[in-house]
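Comments concern the structure below.
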Amino acid sequence: MFRRMAALDLDGKEVEHAHPESFRDLQRICTMCESHRQCARDLARDTGDSKWENYCPNVDTLKALNALPWASRREW
């Protein structure tokens with residue numbers, strides 16, 4: 001989960017602090033996901049490839065978080 005967040009330029013600590021409920025949901029869903037190996041392979045090959053969007057059960061939450069302005073990106 002943290003590697004995927006980093007690939008999206010999301011700071012896991014900042015997300016956890018700003019949106020603790022969403023962060024816990026991301027963790028829970030990622031833990032139960034059956035695509036861990038595929039995700040790890042995709043991240044190792046190309047972090048910018050959008051294949052993960054087809055199998056990741058957290059895709060909607062990660063995209064929503066990615067659309068927000070973040071202090072770590074100096075978007076505030």
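Every chain in the structure tokens takes a letter, A first, then B, and so on in the order presented; its residues are numbered from 1, and the ligands are numbered from 1 following the presented order.
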So that I can check the surroundings of segment 8-19 of chain A, please list as a list in words every protein, DNA and RNA residue that reaches within 8 Å of it, counting only C-alpha atoms and ignoring chain neighbours fewer than 5 positions away. Phe2, Arg24, Leu65, Asn66, Trp70, Ser72 and Arg73 of chain A
Mind dumping the selected residues with N, CA and C atoms as a CSV table (one decimal), in the first residue's frame?
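Okay, this is what ended up in result.csv:
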```
chain,number,residue,atom,x,y,z
A,2,PHE,N,1.9,1.3,0.8
A,2,PHE,CA,2.8,2.4,0.9
A,2,PHE,C,3.5,2.7,-0.4
A,24,ARG,N,-7.1,3.7,7.4
A,24,ARG,CA,-7.4,2.4,8.0
A,24,ARG,C,-8.2,1.5,7.0
A,65,LEU,N,-8.0,10.4,-3.0
A,65,LEU,CA,-6.9,11.0,-2.2
A,65,LEU,C,-5.9,11.7,-3.1
A,66,ASN,N,-5.6,11.1,-4.2
A,66,ASN,CA,-4.6,11.7,-5.1
A,66,ASN,C,-5.1,13.1,-5.7
A,70,TRP,N,-2.1,18.4,-1.2
A,70,TRP,CA,-1.3,17.9,-0.1
A,70,TRP,C,-0.2,18.8,0.2
A,72,SER,N,2.6,18.0,1.5
A,72,SER,CA,3.9,17.4,1.1
A,72,SER,C,4.2,17.7,-0.3
A,73,ARG,N,3.2,18.0,-1.1
A,73,ARG,CA,3.4,18.3,-2.5
A,73,ARG,C,3.5,19.8,-2.7
```
Which of chain A fall in alpha helix (DSSP H), as a ChimeraX atom specification: /A:2-7,12-18,20-32,36-45,59-66
Find the residues near Ile29 of chain A: any atom within 12 Å, counting only C-alpha atoms, skip ones fewer than 6 places away on the same chain, and give them as a PyMOL selection string. chain A and resi 1+22-23+35-36+56-62
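Between atom CA of Thr47 of chain A and atom CA of Arg4 of chain A the interatomic distance comes to 7.8 Å.
With only C-alpha atoms as the atoms that count, the residue of A:Cys39, A:Ala44, A:Cys30, A:Met5 with the shortest distance to Ala64 of chain A is A:Met5.
Across the structure, atom CA of Asn54 of chain A and atom CA of Asp25 of chain A are spaced 18.9 Å apart.
Interatomic distance, atom CA of Ala6 of chain A against atom CA of Lys51 of chain A: 16.2 Å.
If only C-alpha atoms are the atoms counted, then among A:Ala7, A:Arg28, A:Asp46, A:Cys33 the closest residue to Lys63 of chain A is A:Ala7.
If you measure from each of A:Ala67, A:Gln38, A:Arg3, A:Thr31 to Tyr55 of chain A using only C-alpha atoms, the closest one turns out to be A:Gln38.
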